[in-house]
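*Asks:* Data: protein.txt, compact mmCIF, C-alpha atoms.
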# COMPACT_ATOMS: atom_id res chain seq x y z
CA MET A 191 -11.01 -13.25 4.41
CA VAL A 192 -9.07 -12.78 1.15
CA THR A 193 -10.85 -14.02 -1.99
CA ASN A 194 -9.62 -14.91 -5.48
CA THR A 195 -10.86 -11.51 -6.66
CA ASP A 196 -8.79 -9.88 -3.90
CA LEU A 197 -5.74 -11.86 -5.04
CA LYS A 198 -6.19 -10.63 -8.60
CA HIS A 199 -6.19 -6.99 -7.47
CA LEU A 200 -3.27 -7.57 -5.10
CA GLN A 201 -1.27 -9.11 -7.93
CA ARG A 202 -1.85 -5.90 -9.89
CA CYS A 203 -0.56 -3.95 -6.88
CA VAL A 204 2.64 -6.01 -6.94
CA GLU A 205 2.98 -5.26 -10.68
CA LEU A 206 2.58 -1.55 -9.92
CA ALA A 207 5.19 -1.85 -7.17
CA LYS A 208 7.57 -3.36 -9.73
CA THR A 209 6.86 -0.42 -12.06
CA ALA A 210 7.74 1.96 -9.23
CA LEU A 211 11.00 0.11 -8.66
CA GLU A 212 11.84 0.27 -12.37
CA LYS A 213 11.32 4.06 -12.23
CA GLY A 214 13.61 4.43 -9.21
CA ASP A 215 10.91 4.66 -6.57
CA ALA A 216 10.30 2.53 -3.50
CA PRO A 217 8.24 -0.46 -4.65
CA PHE A 218 4.66 0.16 -3.59
CA GLY A 219 1.51 0.00 -5.70
CA SER A 220 -2.21 0.38 -5.01
CA VAL A 221 -5.57 -0.07 -6.75
CA LEU A 222 -8.98 1.43 -5.89
CA VAL A 223 -11.93 -0.82 -6.76
CA SER A 224 -15.65 0.02 -6.70
CA ALA A 225 -18.31 -2.04 -4.95
CA SER A 226 -19.22 -3.53 -8.34
CA GLY A 227 -15.62 -4.64 -8.93
CA ASP A 228 -14.54 -1.96 -11.41
CA VAL A 229 -11.00 -0.64 -11.12
CA LEU A 230 -11.46 3.08 -10.57
CA ALA A 231 -7.85 4.22 -10.22
CA GLU A 232 -4.39 2.84 -9.62
CA ASP A 233 -1.01 4.30 -8.80
CA HIS A 234 2.49 3.54 -7.59
CA ASN A 235 5.03 5.35 -5.43
CA HIS A 236 6.46 8.63 -6.79
CA ILE A 237 8.86 9.60 -4.00
CA SER A 238 12.13 9.65 -5.97
CA GLY A 239 11.59 13.34 -6.74
CA GLY A 240 12.00 14.14 -3.05
CA ASP A 241 8.35 14.51 -2.00
CA HIS A 242 7.93 11.58 0.36
CA THR A 243 4.16 12.13 0.59
CA GLN A 244 3.68 10.82 -2.95
CA HIS A 245 2.43 7.40 -1.84
CA PRO A 246 -0.12 5.59 -4.03
CA GLU A 247 -2.62 5.11 -1.17
CA PHE A 248 -2.59 8.86 -0.49
CA ALA A 249 -3.08 9.60 -4.19
CA LEU A 250 -6.05 7.22 -4.36
CA ALA A 251 -7.63 8.84 -1.30
CA ARG A 252 -7.32 12.27 -2.96
CA TRP A 253 -8.72 10.89 -6.22
CA ALA A 254 -11.67 9.32 -4.39
CA ALA A 255 -12.44 12.57 -2.53
CA LYS A 256 -12.68 14.42 -5.85
CA ASN A 257 -14.46 11.79 -7.92
CA LEU A 258 -16.70 9.63 -5.71
CA SER A 259 -19.72 10.26 -3.54
CA THR A 260 -19.55 9.52 0.17
CA GLU A 261 -21.49 6.30 -0.39
CA GLU A 262 -19.24 5.18 -3.25
CA ARG A 263 -16.15 5.80 -1.12
CA GLU A 264 -17.58 3.80 1.79
CA LYS A 265 -18.18 0.80 -0.47
CA ALA A 266 -14.85 0.97 -2.33
CA THR A 267 -11.85 -1.22 -1.53
CA VAL A 268 -8.21 -0.15 -1.57
CA TYR A 269 -5.76 -2.89 -2.45
CA THR A 270 -2.10 -2.29 -1.82
CA SER A 271 1.21 -4.10 -1.98
CA GLY A 272 2.18 -2.89 1.49
CA GLU A 273 0.13 -1.94 4.54
CA HIS A 274 -0.70 1.77 4.68
CA CYS A 275 1.73 3.99 6.55
CA PRO A 276 0.15 6.27 9.20
CA MET A 277 -0.17 9.17 6.70
CA CYS A 278 -1.98 7.02 4.16
CA ALA A 279 -4.15 5.32 6.77
CA ALA A 280 -5.25 8.74 8.05
CA ALA A 281 -6.04 9.92 4.52
CA HIS A 282 -8.04 6.73 3.92
CA GLY A 283 -10.03 7.27 7.11
CA LEU A 284 -10.57 11.01 6.59
CA VAL A 285 -11.88 10.47 3.05
CA GLY A 286 -14.13 7.65 4.27
CA LEU A 287 -12.90 4.84 2.06
CA GLY A 288 -14.00 1.29 2.80
CA ARG A 289 -12.08 -1.94 3.11
CA ILE A 290 -8.29 -2.21 2.88
CA VAL A 291 -6.52 -5.35 1.65
CA TYR A 292 -2.71 -5.52 1.68
CA ALA A 293 -0.17 -8.08 0.50
CA SER A 294 2.54 -7.36 3.09
CA SER A 295 2.40 -5.75 6.52
CA SER A 296 4.36 -2.87 8.01
CA GLU A 297 5.69 -5.34 10.56
CA GLN A 298 7.04 -7.56 7.78
CA LEU A 299 8.59 -4.55 6.03
CA GLY A 300 10.34 -3.53 9.24
CA GLU A 301 11.71 -7.04 9.71
CA TRP A 302 12.90 -7.24 6.09
CA ARG A 303 14.64 -3.87 6.42
CA ARG A 304 16.39 -5.01 9.61
CA GLU A 305 17.53 -8.20 7.83
CA MET A 306 18.92 -6.03 5.01
CA GLY A 307 20.77 -3.80 7.46
CA VAL A 308 18.64 -0.73 6.72
CA ASP A 309 18.82 1.78 9.58
CA THR A 310 15.26 3.01 10.22
CA SER A 311 16.04 4.58 13.60
CA GLN A 312 16.32 8.03 12.03
CA SER A 313 12.82 7.97 10.55
CA ARG A 314 10.62 10.71 11.99
CA VAL A 315 7.42 8.70 11.35
CA ARG A 316 6.61 5.63 13.41
CA SER A 317 5.37 2.49 11.74
CA LEU A 318 1.90 1.64 13.05
CA PRO A 319 -0.71 -0.92 12.06
CA ILE A 320 -3.65 0.62 10.19
CA GLN A 321 -6.04 -0.18 13.06
CA GLU A 322 -3.95 2.00 15.41
CA VAL A 323 -4.50 4.98 13.10
CA ILE A 324 -8.13 4.60 11.94
CA ARG A 325 -11.24 2.86 13.25
CA HIS A 326 -14.32 1.25 11.76
CA THR A 327 -12.50 -0.07 8.69
CA GLU A 328 -12.32 -3.69 7.55
CA VAL A 329 -8.66 -4.62 7.04
CA ASP A 330 -7.32 -7.87 5.56
CA GLY A 331 -3.69 -8.87 5.17
CA PRO A 332 -0.98 -9.85 4.91
CA VAL A 333 -1.25 -12.44 2.15
CA PRO A 334 1.71 -14.86 2.44
CA GLU A 335 1.76 -15.97 -1.19
CA LEU A 336 2.28 -12.36 -2.33
CA ALA A 337 4.30 -11.05 0.59
CA GLU A 338 7.37 -12.94 -0.61
CA LYS A 339 7.14 -11.17 -3.99
CA VAL A 340 6.95 -7.82 -2.20
CA ARG A 341 9.95 -8.82 -0.07
CA GLU A 342 12.00 -9.48 -3.20
CA LEU A 343 11.06 -6.06 -4.65
CA GLN A 344 12.14 -4.45 -1.37
CA ARG A 345 15.47 -6.33 -1.53
CA GLN A 346 16.06 -5.08 -5.07
CA PHE A 347 15.24 -1.51 -4.05
CA HIS A 348 17.61 -1.54 -1.11
CA ARG A 349 20.39 -3.16 -3.18
CA GLN A 350 20.00 -0.40 -5.78
CA ASN A 351 20.04 2.33 -3.13
CA SER A 352 22.83 1.19 -0.84
Translate the structure of the given file into structure tokens.

*Replies:*
Amino acid sequence: MVTNTDLKHLQRCVELAKTALEKGDAPFGSVLVSASGDVLAEDHNHISGGDHTQHPEFALARWAAKNLSTEEREKATVYTSGEHCPMCAAAHGLVGLGRIVYASSSEQLGEWRREMGVDTSQSRVRSLPIQEVIRHTEVDGPVPELAEKVRELQRQFHRQNS
């Protein structure tokens, strides 16, 4: 169940996604929050330089591995504008992070891209729900009231890059 606190952090993720878009990156943003509610780290996509592994969820997993104990990681929550891709979900699971909350799903993103005429058939990485990549992780999302904002950011990105 998504709470008002979750919504606040997800709104920050959407702001970070907008920052990514403004910098020429695909619009994705993420926030790592401790069990006590403190924002520990945040990031946005950095793929415009050509390294398509520079996703914010992956960066937060690396940060957590270096800076948090196993117990702190297990109790932390990752908030993100879009559901983790398989690479990021695996990093999340391998590092042992806790709950994931996302504003928009991979399924929604795929549908939006099809509606925009984006050809994803050449992608070498399949889109999978988080639960098909990792186990034993609480996952909440999508959140309809924020998904539409993410959709608009995706539209802007694809207009700029087509």

*Asks:* Check the smallest atom-to-atom distance from each of A:Leu206, A:Val229, A:Met306, A:Leu222 to Gln346 (chain A) using only C-alpha atoms, then report the winner.

*Replies:* A:Met306

*Asks:* Report the distance between CA of Val333 (chain A) and CA of Ala279 (chain A) in Å, rounded to one decimal place.

*Replies:* 18.6 Å

*Asks:* If you count all atoms listed in the file, which residues fall within 8 Å of Ser238 (chain A), apart from same-chain ones fewer than 4 positions away, as a VMD selection string?

*Replies:* chain A and resid 214 to 216 242

*Asks:* Taking all atoms listed in the file into account, which of A:Tyr269, A:Glu264, A:Ala207, A:Ala255 comes nearest Arg341 (chain A)?

*Replies:* A:Ala207

*Asks:* One decimal, in Å: what's the spacing between CA of Val315 (chain A) and CA of His199 (chain A)?

*Replies:*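 Value for the CA of Val315 (chain A)-CA of His199 (chain A) distance: 28.0 Å.
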